[in-house]
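Listing of input39.txt; format and content: compact mmCIF, C-alpha atoms.
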```txt
# COMPACT_ATOMS: atom_id res chain seq x y z
CA MET V 1 16.97 -3.15 -8.41
CA ARG V 2 13.43 -2.19 -9.30
CA LEU V 3 11.47 -5.44 -9.44
CA VAL V 4 8.04 -5.92 -11.04
CA THR V 5 5.46 -8.56 -11.80
CA PHE V 6 3.95 -8.20 -15.25
CA VAL V 7 2.02 -9.84 -18.04
CA LYS V 8 2.36 -9.24 -21.76
CA LYS V 9 -0.49 -7.05 -22.95
CA ASN V 10 -2.04 -9.64 -25.24
CA GLN V 11 -1.94 -12.09 -22.32
CA ARG V 12 -3.73 -9.64 -20.04
CA LYS V 13 -6.35 -8.91 -22.70
CA ASN V 14 -7.11 -12.61 -22.97
CA GLN V 15 -7.48 -12.88 -19.20
CA THR V 16 -10.00 -10.05 -18.77
CA GLU V 17 -11.56 -7.32 -20.85
CA GLN V 18 -11.61 -4.89 -17.92
CA PRO V 19 -8.54 -4.32 -15.68
CA GLN V 20 -10.39 -5.33 -12.54
CA PRO V 21 -8.44 -6.43 -9.45
CA LYS V 22 -8.40 -10.22 -9.01
CA GLU V 23 -8.97 -11.94 -5.70
CA GLN V 24 -7.14 -15.02 -7.05
CA PRO V 25 -4.23 -13.56 -9.05
CA GLY V 26 -3.21 -15.44 -12.16
CA PRO V 27 0.38 -16.05 -13.16
CA GLY V 28 2.71 -13.18 -13.89
CA SER V 29 6.35 -12.92 -14.86
CA VAL V 30 9.03 -11.39 -12.65
CA GLY V 31 11.15 -8.66 -14.18
CA VAL V 32 13.64 -5.89 -13.52
CA LEU V 33 13.03 -2.35 -14.74
CA LEU V 34 15.95 -1.12 -16.83
CA ASP V 35 16.97 1.92 -18.87
CA GLY V 36 15.12 4.46 -16.76
CA ASP V 37 12.05 2.24 -16.47
CA THR V 38 11.62 2.10 -20.25
CA THR V 39 12.33 -1.63 -20.60
CA VAL V 40 11.78 -4.76 -18.52
CA LEU V 41 14.08 -7.75 -18.26
CA ASP V 42 12.01 -10.94 -18.03
CA LEU V 43 14.11 -12.92 -15.55
CA ALA V 44 12.50 -16.29 -16.28
CA ALA V 45 13.07 -15.82 -20.02
CA ALA V 46 16.66 -14.76 -19.41
CA ALA V 47 17.36 -17.79 -17.20
CA PRO V 48 14.89 -20.57 -18.10
CA GLY V 49 14.25 -23.12 -15.40
CA GLU V 50 15.79 -21.21 -12.51
CA ALA V 51 13.44 -21.63 -9.56
CA ALA V 52 14.20 -18.21 -8.06
CA PHE V 53 12.44 -16.51 -10.97
CA ALA V 54 9.19 -18.48 -10.88
CA SER V 55 7.45 -15.65 -8.99
CA MET V 56 8.25 -12.59 -6.92
CA LEU V 57 7.77 -14.59 -3.73
CA ALA V 58 10.21 -17.22 -5.03
CA LEU V 59 12.77 -14.49 -5.72
CA ILE V 60 12.33 -13.05 -2.23
CA GLU V 61 12.66 -16.50 -0.66
CA SER V 62 15.82 -17.19 -2.67
CA GLY V 63 17.65 -14.59 -0.60
CA ASP V 64 20.97 -13.01 -1.45
CA GLU V 65 21.84 -15.64 -4.04
CA GLY V 66 18.69 -14.97 -6.05
CA LEU V 67 19.32 -11.22 -6.01
CA ARG V 68 22.94 -11.74 -7.01
CA ARG V 69 21.84 -13.83 -9.99
CA ALA V 70 19.20 -11.24 -10.98
CA ARG V 71 21.80 -8.45 -10.89
CA GLU V 72 24.08 -10.56 -13.06
CA LEU V 73 21.33 -10.98 -15.65
CA CYS V 74 20.73 -7.21 -15.71
CA GLN V 75 23.78 -6.92 -17.93
CA LEU V 76 21.50 -8.04 -20.75
CA ARG V 77 20.16 -5.09 -22.70
CA HIS V 78 18.99 -6.79 -25.91
CA GLY V 79 17.25 -9.99 -26.98
CA PRO V 80 13.87 -11.65 -26.48
CA ALA V 81 14.05 -11.37 -22.67
CA VAL V 82 14.14 -7.54 -22.85
CA LEU V 83 10.68 -6.06 -23.38
CA ALA V 84 9.47 -2.51 -24.01
CA MET V 85 7.18 -1.09 -21.36
CA GLU V 86 4.44 -0.49 -23.94
CA ASP V 87 4.31 -4.24 -24.56
CA ILE V 88 3.62 -5.24 -20.96
CA ALA V 89 1.13 -4.44 -18.19
CA LEU V 90 2.26 -4.22 -14.60
CA ARG V 91 0.49 -6.13 -11.88
CA ALA V 92 0.95 -5.90 -8.13
CA PRO V 93 4.66 -6.64 -7.67
CA LEU V 94 3.80 -9.19 -4.98
CA PRO V 95 0.34 -10.42 -6.04
CA ARG V 96 -0.13 -12.62 -2.99
CA PRO V 97 1.94 -11.57 0.01
CA ALA V 98 2.69 -14.18 2.63
CA ARG V 99 0.96 -11.86 5.09
CA LEU V 100 -0.21 -8.24 5.02
CA ARG V 101 -0.35 -6.02 8.08
CA ASP V 102 -0.95 -2.29 8.13
CA CYS V 103 0.64 -0.40 11.01
CA GLY V 104 0.07 3.00 12.60
CA LEU V 105 3.59 4.36 12.09
CA PHE V 106 2.42 7.93 11.27
CA ILE V 107 0.92 9.24 14.52
CA ALA V 108 -0.03 12.69 13.15
CA HIS V 109 -2.39 11.16 10.57
CA LEU V 110 -4.28 9.31 13.28
CA GLU V 111 -4.69 12.50 15.29
CA SER V 112 -5.93 14.49 12.30
CA GLY V 113 -8.36 11.71 11.41
CA LEU V 114 -9.89 11.87 14.87
CA ARG V 115 -10.29 15.64 14.56
CA GLU V 116 -12.00 15.23 11.20
CA LEU V 117 -14.33 12.61 12.67
CA ALA V 118 -15.29 15.06 15.44
CA ARG V 119 -15.84 17.77 12.85
CA ARG V 120 -18.19 15.53 10.86
CA GLN V 121 -20.15 14.56 13.94
CA SER V 122 -20.57 18.20 14.96
CA ALA V 123 -21.61 19.43 11.50
CA ARG V 124 -25.31 18.75 12.07
CA ALA V 125 -25.44 20.58 15.41
CA GLU V 126 -27.18 23.95 15.78
CA ASP V 127 -23.78 25.51 16.57
CA PRO V 128 -21.21 23.28 14.80
CA ASP V 129 -18.17 25.18 16.11
CA ALA V 130 -19.28 24.97 19.71
CA GLU V 131 -20.19 21.30 19.33
CA PHE V 132 -16.79 20.58 17.79
CA GLN V 133 -15.04 22.23 20.74
CA ARG V 134 -17.21 20.26 23.15
CA LEU V 135 -16.42 16.96 21.45
CA MET V 136 -12.68 17.63 21.40
CA ALA V 137 -12.73 18.66 25.07
CA SER V 138 -14.53 15.43 25.98
CA GLY V 139 -11.39 13.39 25.35
CA ARG V 140 -13.30 10.90 23.17
CA PHE V 141 -11.27 12.02 20.15
CA ASP V 142 -7.84 11.93 21.78
CA LEU V 143 -5.39 9.43 20.34
CA ASN V 144 -4.91 6.40 22.57
CA PRO V 145 -1.42 6.64 24.16
CA LEU V 146 -0.70 3.06 23.06
CA PHE V 147 -0.15 4.32 19.50
CA ARG V 148 2.89 6.25 20.72
CA GLU V 149 4.19 3.53 22.98
CA ARG V 150 4.11 0.57 20.63
CA VAL V 151 3.48 -0.47 17.04
CA MET V 152 -0.26 -0.88 16.56
CA TYR V 153 -1.53 -2.72 13.48
CA TYR V 154 -4.33 -4.71 11.93
CA THR V 155 -4.15 -7.72 9.64
CA ALA V 156 -5.38 -7.00 6.11
CA ASP V 157 -6.52 -9.49 3.49
CA HIS V 158 -3.49 -10.66 1.50
CA LEU V 159 -5.87 -12.22 -1.05
CA SER V 160 -7.47 -8.86 -1.93
CA VAL V 161 -4.38 -7.28 -3.51
CA SER V 162 -4.69 -5.13 -6.63
CA GLY V 163 -2.03 -3.48 -8.73
CA PRO V 164 -1.22 -0.59 -11.06
CA GLU V 165 -4.00 0.57 -13.37
CA ASP V 166 -6.61 -1.72 -11.78
CA VAL V 167 -10.08 -0.24 -11.38
CA ILE V 168 -11.00 -0.09 -7.68
CA THR V 169 -14.73 -0.57 -7.15
CA ALA V 170 -16.47 0.56 -4.00
CA PRO V 171 -18.07 -2.30 -2.05
CA THR V 172 -21.81 -2.85 -2.13
CA GLY V 173 -23.70 -0.06 -0.41
CA ALA V 174 -20.79 2.39 -0.30
CA LYS V 175 -20.64 5.74 -2.04
CA GLU V 176 -17.57 7.33 -0.41
CA LEU V 177 -14.41 5.58 -1.64
CA ASP V 178 -11.16 7.08 -0.37
CA PHE V 179 -7.43 6.58 -0.92
CA GLU V 180 -4.71 6.35 1.72
CA LEU V 181 -1.18 7.46 0.84
CA GLU V 182 1.20 4.90 2.33
CA PHE V 183 4.32 2.96 1.55
CA ALA V 184 5.29 -0.50 2.70
CA ALA V 185 8.29 -2.65 3.54
CA VAL V 186 8.57 -6.20 2.21
CA VAL V 187 10.23 -8.70 4.54
CA GLY V 188 13.06 -10.68 2.97
CA ARG V 189 14.07 -13.27 5.55
CA THR V 190 12.60 -15.29 8.37
CA GLY V 191 13.23 -13.93 11.84
CA ARG V 192 11.95 -14.48 15.35
CA GLU V 193 12.74 -12.25 18.31
CA VAL V 194 14.59 -9.93 15.92
CA LYS V 195 16.87 -7.48 17.72
CA PRO V 196 16.68 -3.75 16.87
CA GLY V 197 20.19 -3.71 15.44
CA ALA V 198 19.41 -6.57 13.05
CA ALA V 199 15.91 -5.53 11.95
CA HIS V 200 17.15 -3.60 8.89
CA GLU V 201 18.64 -6.80 7.47
CA HIS V 202 15.18 -8.38 7.33
CA ILE V 203 13.84 -5.77 4.88
CA PHE V 204 13.90 -6.94 1.26
CA GLY V 205 12.59 -3.72 -0.25
CA TYR V 206 9.87 -1.10 -0.41
CA THR V 207 6.74 -0.41 -2.46
CA VAL V 208 3.87 2.10 -2.61
CA PHE V 209 0.71 1.05 -0.77
CA ASN V 210 -2.85 2.36 -1.16
CA ASP V 211 -5.10 1.19 1.67
CA TRP V 212 -8.49 1.97 0.10
CA SER V 213 -11.38 2.75 2.43
CA ALA V 214 -15.13 3.03 2.02
CA ARG V 215 -15.55 5.85 4.51
CA ASP V 216 -19.33 5.76 4.84
CA LEU V 217 -19.30 2.03 5.62
CA GLN V 218 -16.31 2.46 7.89
CA MET V 219 -18.10 5.11 9.94
CA GLN V 220 -21.21 2.92 10.20
CA LEU V 221 -19.38 -0.23 11.27
CA MET V 222 -16.53 0.87 13.53
CA PRO V 223 -18.75 1.90 16.47
CA ALA V 224 -19.48 -1.83 16.88
CA GLY V 225 -15.93 -2.17 18.19
CA VAL V 226 -14.65 -4.93 15.89
CA GLY V 227 -12.89 -2.77 13.29
CA PRO V 228 -13.79 -1.35 9.87
CA CYS V 229 -14.96 -4.71 8.40
CA GLU V 230 -15.93 -4.17 4.74
CA GLY V 231 -15.16 -0.48 5.20
CA LYS V 232 -11.59 -1.50 4.40
CA ASP V 233 -11.95 -5.16 3.44
CA PHE V 234 -13.29 -5.58 -0.10
CA ALA V 235 -12.11 -6.78 -3.51
CA GLY V 236 -8.84 -5.10 -4.47
CA SER V 237 -8.79 -2.92 -1.36
CA ASN V 238 -5.02 -3.28 -0.87
CA THR V 239 -3.07 -1.91 -3.83
CA LEU V 240 0.69 -2.40 -4.17
CA GLY V 241 3.04 -1.12 -6.85
CA PRO V 242 4.31 -0.16 -9.25
CA CYS V 243 7.47 -2.04 -8.22
CA ILE V 244 9.47 -3.27 -5.26
CA VAL V 245 12.66 -1.26 -4.86
CA THR V 246 15.31 -3.37 -3.17
CA ARG V 247 16.68 -2.10 0.12
CA ASP V 248 20.07 -1.08 -1.30
CA GLU V 249 18.43 1.32 -3.79
CA LEU V 250 17.21 3.78 -1.14
CA THR V 251 19.91 5.63 0.78
CA ASP V 252 17.41 6.71 3.44
CA PRO V 253 13.84 5.37 3.32
CA TYR V 254 12.90 7.90 6.01
CA ALA V 255 13.66 10.94 3.86
CA LEU V 256 11.28 10.45 0.93
CA THR V 257 8.59 12.78 -0.42
CA MET V 258 5.09 11.29 -0.66
CA THR V 259 2.48 12.82 -2.97
CA ALA V 260 -1.15 12.10 -3.85
CA ARG V 261 -2.79 13.44 -7.01
CA VAL V 262 -6.38 13.14 -8.21
CA ASN V 263 -6.97 13.72 -11.92
CA GLY V 264 -3.51 15.29 -12.10
CA GLN V 265 -4.16 17.79 -9.28
CA GLU V 266 -2.04 17.50 -6.16
CA TRP V 267 -4.15 16.83 -3.08
CA SER V 268 -1.51 15.82 -0.58
CA ARG V 269 2.23 16.09 0.05
CA GLY V 270 4.13 14.69 2.99
CA GLY V 271 7.27 12.83 3.86
CA THR V 272 8.46 9.59 5.37
CA ASP V 273 10.49 11.66 7.84
CA GLY V 274 7.27 12.13 9.80
CA MET V 275 7.04 8.48 10.90
CA HIS V 276 6.84 8.07 14.68
CA HIS V 277 7.83 4.39 14.44
CA THR V 278 10.02 2.80 11.77
CA PHE V 279 9.66 -0.41 9.80
CA GLU V 280 12.51 -1.77 11.90
CA ASP V 281 10.42 -1.06 15.01
CA ALA V 282 7.55 -2.95 13.40
CA ILE V 283 9.72 -5.97 12.58
CA VAL V 284 11.01 -6.11 16.15
CA HIS V 285 7.45 -5.93 17.48
CA LEU V 286 5.90 -8.37 15.00
CA SER V 287 8.64 -10.97 15.52
CA ARG V 288 8.01 -11.28 19.26
CA ASP V 289 6.88 -14.81 20.15
CA ARG V 290 6.54 -15.70 16.44
CA ALA V 291 8.38 -15.18 13.19
CA VAL V 292 8.19 -12.75 10.33
CA HIS V 293 8.61 -14.44 6.96
CA PRO V 294 9.80 -13.66 3.43
CA GLY V 295 6.99 -12.00 1.53
CA ASP V 296 5.33 -10.42 4.56
CA VAL V 297 4.22 -6.87 3.74
CA ILE V 298 4.20 -4.20 6.46
CA GLY V 299 2.25 -1.02 5.70
CA SER V 300 3.37 2.30 7.13
CA GLY V 301 -0.06 3.72 7.83
CA THR V 302 -1.04 6.99 6.18
CA VAL V 303 1.10 10.11 5.92
CA PRO V 304 -0.59 13.22 7.42
CA THR V 305 -3.14 14.75 4.99
CA GLY V 306 -2.77 11.58 2.90
CA THR V 307 -6.49 10.87 2.49
CA GLY V 308 -9.49 12.68 1.12
CA PHE V 309 -11.06 12.24 4.56
CA ASP V 310 -8.26 14.28 6.17
CA LEU V 311 -8.83 17.03 3.62
CA ALA V 312 -12.65 16.96 3.73
CA ARG V 313 -12.62 16.08 0.03
CA SER V 314 -14.31 13.18 -1.73
CA LEU V 315 -13.55 11.09 -4.77
CA LYS V 316 -16.16 10.60 -7.46
CA ASP V 317 -16.76 7.86 -9.98
CA GLY V 318 -14.07 7.80 -12.68
CA ASP V 319 -11.44 9.76 -10.73
CA VAL V 320 -7.82 8.75 -11.33
CA VAL V 321 -5.74 8.53 -8.16
CA GLU V 322 -1.93 8.63 -8.32
CA LEU V 323 0.17 7.94 -5.25
CA GLU V 324 3.87 8.67 -5.60
CA VAL V 325 6.72 7.90 -3.23
CA GLU V 326 10.09 9.35 -4.16
CA GLY V 327 12.51 6.72 -5.39
CA ILE V 328 9.80 4.07 -5.81
CA GLY V 329 7.38 5.41 -8.40
CA VAL V 330 3.74 6.22 -9.15
CA LEU V 331 0.86 3.89 -8.31
CA ARG V 332 -2.15 4.79 -10.46
CA ASN V 333 -5.74 3.54 -10.23
CA THR V 334 -9.21 4.58 -11.37
CA VAL V 335 -12.09 4.47 -8.91
CA HIS V 336 -15.56 3.16 -9.68
CA VAL V 337 -18.42 4.09 -7.38
CA PRO V 338 -21.60 2.45 -8.68
CA ALA V 339 -24.79 4.44 -8.31
CA LEU V 340 -26.87 3.19 -5.40
CA PRO V 341 -30.30 1.84 -6.38
CA ALA V 342 -33.15 4.24 -5.94
CA THR V 343 -35.30 3.59 -2.90
CA GLY V 344 -39.04 3.30 -3.28
CA SER V 345 -41.39 5.83 -1.75
```
Step by step, read the file and then write its structure as C-alpha cells.
Amino acid sequence: MRLVTFVKKNQRKNQTEQPQPKEQPGPGSVGVLLDGDTTVLDLAAAAPGEAAFASMLALIESGDEGLRRARELCQLRHGPAVLAMEDIALRAPLPRPARLRDCGLFIAHLESGLRELARRQSARAEDPDAEFQRLMASGRFDLNPLFRERVMYYTADHLSVSGPEDVITAPTGAKELDFELEFAAVVGRTGREVKPGAAHEHIFGYTVFNDWSARDLQMQLMPAGVGPCEGKDFAGSNTLGPCIVTRDELTDPYALTMTARVNGQEWSRGGTDGMHHTFEDAIVHLSRDRAVHPGDVIGSGTVPTGTGFDLARSLKDGDVVELEVEGIGVLRNTVHVPALPATGS
C-alpha cells in the first residue's frame, strides 16, 4: 500500500495561509492512495472509531492486523471516504516520527563531499589547482575508515519535519540552502539486539527524504567539532513524503533510481544500488544495547551527486526542488532564501 497523511484543502487553508512547515504538526487523516494515485481512501472515515487509523503512527504500531484491515478497506472505490486528490493536500506521511536518525549508508557521497570541500578551500589560493592537490595529499580530506566499517549516523530533530509542497525557509543568516537526495526506511516493530536475518522484518516501509542543509552555516560551524548545528537543524529541515510505501510493495529497495530536479531540470541521478550499508545493517547496529521502535525513521544518507554542493551548483530563492525515488514518488518543495539585511558602512 501507498500510505499518506493528508488534510482536506479547505481545512489546510483555515490552518495557514502559507504552506509553511510546522514544528508542531496539527492533526491529519491517514489514507491509502488508490487508482494510480488519483484518489485517497480516508481510513478513519471508512472505519469510524478504529484506533489503528487515528494517525500514521497508530497504524504503524497496530502491526500486521492494522495493515490487514487497511487492505480490506481498500476494496472501497466509491462513497464519502474516497476523495479526489485535487480535494486534499498531502502532509508529511509521518508528521512526528518516534525518532529520526540519518545514516551514512552511501559512502561515495561522503567522499565526493570531502573533495568538494577541498576544492572550495583551495579556490582562493594563488594557484587553486596546486592548492587542491596539496590539500588532498594531506589526508585531511580522506574519509574516516569508520564509515566503511560501521553504520555512522546523527540524530535529527523529529519535531522539525515538513512535507510535500511546504516552503522551506533558510535559517537566519544563511544564504546557501541546499537539498539532499535521500530515501528512508520506517521501522514497524520494536526490536532489541536484532539479528541480521530478522532485520528486514522490522521495516514497515519506505519514503523519500530531503535532508535540507544551509551550507554556508554548516561550513562555519562544523570546524568547532560538534556537528552542523543550525546548518542542518532548522524549521522544516527534514522533509518526508509524499507517501510511505509498505515493504511488500518494493520487490528490491536496493535497485531503485533516484532523481533530483530543480525547476524541472534534472540535476542528479543515482541509484539505491550504490549503498555501502543497508537499512537492515542500520537496524542491527541501532538495536544494539537498546531498542528500535515503531515509527523510527532511518535516513539513507545522500546518493552520490545528490546535492547542489556535490555539483558546485546553488539554489536561489523561489526554486522548486523535486526529489523522486522510483516506486515511491516525487517529493516537491519550494525554497525561500530571505535577503540578508544590508550592513552599514
Quick one, how far is atom CA of Ser29 of chain V from atom CA of Ala89 of chain V? 10.5 Å
From the options V:Leu323, V:Leu41, V:Ala58, V:Leu135, which residue's atoms come nearest to Met258 of chain V, counting all atoms listed in the file?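 Checking each of V:Leu323, V:Leu41, V:Ala58, V:Leu135 against Met258 of chain V, counting all atoms listed in the file, the winner is V:Leu323.
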Straight-line distance linking atom CA of Leu57 of chain V with atom CA of Phe179 of chain V, stated in Å to one decimal: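 Going from atom CA of Leu57 of chain V over to atom CA of Phe179 of chain V, I get 26.2 Å.
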Nearby residues (all atoms listed in the file) at most 10 Å from Pro164 of chain V, same-chain spacing under 2 positions excluded, as a PyMOL selection string: chain V and resi 19+21+89-93+162+166-167+239-243+322+330-334
Using only C-alpha atoms, please write the residues we just selected to a file, as a CSV table (one decimal), in the frame of the given file.
```csv
chain,number,residue,atom,x,y,z
V,19,PRO,CA,-8.5,-4.3,-15.7
V,21,PRO,CA,-8.4,-6.4,-9.4
V,89,ALA,CA,1.1,-4.4,-18.2
V,90,LEU,CA,2.3,-4.2,-14.6
V,91,ARG,CA,0.5,-6.1,-11.9
V,92,ALA,CA,1.0,-5.9,-8.1
V,93,PRO,CA,4.7,-6.6,-7.7
V,162,SER,CA,-4.7,-5.1,-6.6
V,166,ASP,CA,-6.6,-1.7,-11.8
V,167,VAL,CA,-10.1,-0.2,-11.4
V,239,THR,CA,-3.1,-1.9,-3.8
V,240,LEU,CA,0.7,-2.4,-4.2
V,241,GLY,CA,3.0,-1.1,-6.8
V,242,PRO,CA,4.3,-0.2,-9.2
V,243,CYS,CA,7.5,-2.0,-8.2
V,322,GLU,CA,-1.9,8.6,-8.3
V,330,VAL,CA,3.7,6.2,-9.2
V,331,LEU,CA,0.9,3.9,-8.3
V,332,ARG,CA,-2.2,4.8,-10.5
V,333,ASN,CA,-5.7,3.5,-10.2
V,334,THR,CA,-9.2,4.6,-11.4
```
For a quick check of understanding, using all atoms listed in the file, which of V:Pro294, V:Pro228, V:Pro128, V:Gly66 has the smallest distance to Ala51 of chain V? V:Gly66
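Reported to one decimal place, the separation of atom CA of Phe106 of chain V from atom CA of Ile283 of chain V is 15.8 Å.
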Residues within 10 Å of Gln265 of chain V, please, as a PDB file with C-alpha atoms, keeping the file's coordinate frame. Count all atoms listed in the file; anything in the same chain fewer than 4 positions from it doesn't count.
```
ATOM      1  CA  ALA V 260      -1.150  12.100  -3.850  1.00  0.00           C
ATOM      2  CA  ARG V 261      -2.790  13.440  -7.010  1.00  0.00           C
ATOM      3  CA  VAL V 320      -7.820   8.750 -11.330  1.00  0.00           C
ATOM      4  CA  VAL V 321      -5.740   8.530  -8.160  1.00  0.00           C
ATOM      5  CA  GLU V 322      -1.930   8.630  -8.320  1.00  0.00           C
TER       6      GLU V 322
END
```
Which residue is closest to Gly308 of chain V? Choose from V:Ala185, V:Ala84, V:Ala44, V:Val262 and count all atoms listed in the file. V:Val262
Tell me, as a count of residues only, which residues lie within 9 Å of Val337 of chain V, counting all atoms listed in the file; anything in the same chain fewer than 3 positions away does not count. 13
Please provide the set of residues having any atom within 9 Å of Phe132 of chain V, restricted to only C-alpha atoms, with same-chain residues fewer than 3 positions apart removed, written as a list of chain:residue names.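 Once the adjacent positions are removed, what remains is V:Arg115, V:Ala118, V:Arg119, V:Arg120, V:Gln121, V:Ser122, V:Ala123, V:Ala125, V:Asp127, V:Pro128, V:Asp129, V:Leu135, V:Met136, V:Ala137.
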Fewer than 5 positions away in the same chain doesn't count, so skip those; otherwise give me all residues within 9 Å of Gly231 of chain V, counting all atoms listed in the file, as a list in words.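 Once the nearby chain positions are removed, what remains is Pro171, Ala174, Trp212, Ser213, Ala214, Arg215, Asp216, Leu217, Gln218, Met219, Gln220, Leu221 and Met222 of chain V.
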Given the selection you just returned, output its residues as a file containing C-alpha atoms, formatted as a PDB file, keeping the file's coordinate frame.
```pdb
ATOM      1  CA  PRO V 171     -18.070  -2.300  -2.050  1.00  0.00           C
ATOM      2  CA  ALA V 174     -20.790   2.390  -0.300  1.00  0.00           C
ATOM      3  CA  TRP V 212      -8.490   1.970   0.100  1.00  0.00           C
ATOM      4  CA  SER V 213     -11.380   2.750   2.430  1.00  0.00           C
ATOM      5  CA  ALA V 214     -15.130   3.030   2.020  1.00  0.00           C
ATOM      6  CA  ARG V 215     -15.550   5.850   4.510  1.00  0.00           C
ATOM      7  CA  ASP V 216     -19.330   5.760   4.840  1.00  0.00           C
ATOM      8  CA  LEU V 217     -19.300   2.030   5.620  1.00  0.00           C
ATOM      9  CA  GLN V 218     -16.310   2.460   7.890  1.00  0.00           C
ATOM     10  CA  MET V 219     -18.100   5.110   9.940  1.00  0.00           C
ATOM     11  CA  GLN V 220     -21.210   2.920  10.200  1.00  0.00           C
ATOM     12  CA  LEU V 221     -19.380  -0.230  11.270  1.00  0.00           C
ATOM     13  CA  MET V 222     -16.530   0.870  13.530  1.00  0.00           C
TER      14      MET V 222
END
```
Determine, counting all atoms listed in the file, every residue of protein, DNA or RNA that lies within 6 Å of (-2.7, -13.3, -1.5) in the file coordinates, then give the result as a ChimeraX atom specification. /V:96-97,158-159
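With distances restricted to all atoms listed in the file, V:Lys232 is the closest residue to Glu180 of chain V from V:Arg288, V:Lys232, V:Arg68, V:Lys8.
Considering the residues V:Asp178, V:Arg99, V:Gly191, V:Thr278 and counting only C-alpha atoms, Asp310 of chain V has its shortest atom-to-atom contact with V:Asp178.
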My structure is short of atoms at segment 151-162 of chain V; please model N, CA and C atoms there, returning them as an mmCIF file, keeping the file's coordinate frame.
```
data_model
loop_
_atom_site.group_PDB
_atom_site.id
_atom_site.type_symbol
_atom_site.label_atom_id
_atom_site.label_comp_id
_atom_site.auth_asym_id
_atom_site.auth_seq_id
_atom_site.Cartn_x
_atom_site.Cartn_y
_atom_site.Cartn_z
ATOM 1 N N VAL V 151 3.961 -0.367 18.415
ATOM 2 C CA VAL V 151 3.480 -0.470 17.040
ATOM 3 C C VAL V 151 2.101 -1.128 17.058
ATOM 4 N N MET V 152 1.107 -0.370 16.660
ATOM 5 C CA MET V 152 -0.260 -0.880 16.560
ATOM 6 C C MET V 152 -0.533 -1.219 15.098
ATOM 7 N N TYR V 153 -1.320 -2.263 14.865
ATOM 8 C CA TYR V 153 -1.530 -2.720 13.480
ATOM 9 C C TYR V 153 -2.833 -3.514 13.402
ATOM 10 N N TYR V 154 -3.266 -3.742 12.169
ATOM 11 C CA TYR V 154 -4.330 -4.710 11.930
ATOM 12 C C TYR V 154 -3.912 -5.588 10.761
ATOM 13 N N THR V 155 -4.461 -6.776 10.715
ATOM 14 C CA THR V 155 -4.150 -7.720 9.640
ATOM 15 C C THR V 155 -5.118 -7.499 8.495
ATOM 16 N N ALA V 156 -4.572 -7.231 7.315
ATOM 17 C CA ALA V 156 -5.380 -7.000 6.110
ATOM 18 C C ALA V 156 -5.433 -8.291 5.279
ATOM 19 N N ASP V 157 -6.315 -8.302 4.317
ATOM 20 C CA ASP V 157 -6.520 -9.490 3.490
ATOM 21 C C ASP V 157 -5.466 -9.569 2.398
ATOM 22 N N HIS V 158 -4.551 -10.521 2.506
ATOM 23 C CA HIS V 158 -3.490 -10.660 1.500
ATOM 24 C C HIS V 158 -4.002 -11.293 0.210
ATOM 25 N N LEU V 159 -5.272 -11.689 0.178
ATOM 26 C CA LEU V 159 -5.870 -12.220 -1.050
ATOM 27 C C LEU V 159 -6.664 -11.157 -1.810
ATOM 28 N N SER V 160 -6.749 -9.949 -1.262
ATOM 29 C CA SER V 160 -7.470 -8.860 -1.930
ATOM 30 C C SER V 160 -6.489 -7.769 -2.364
ATOM 31 N N VAL V 161 -5.425 -8.195 -3.048
ATOM 32 C CA VAL V 161 -4.380 -7.280 -3.510
ATOM 33 C C VAL V 161 -4.638 -6.913 -4.968
ATOM 34 N N SER V 162 -4.573 -5.640 -5.254
ATOM 35 C CA SER V 162 -4.690 -5.130 -6.630
ATOM 36 C C SER V 162 -3.384 -4.445 -6.999
#
```
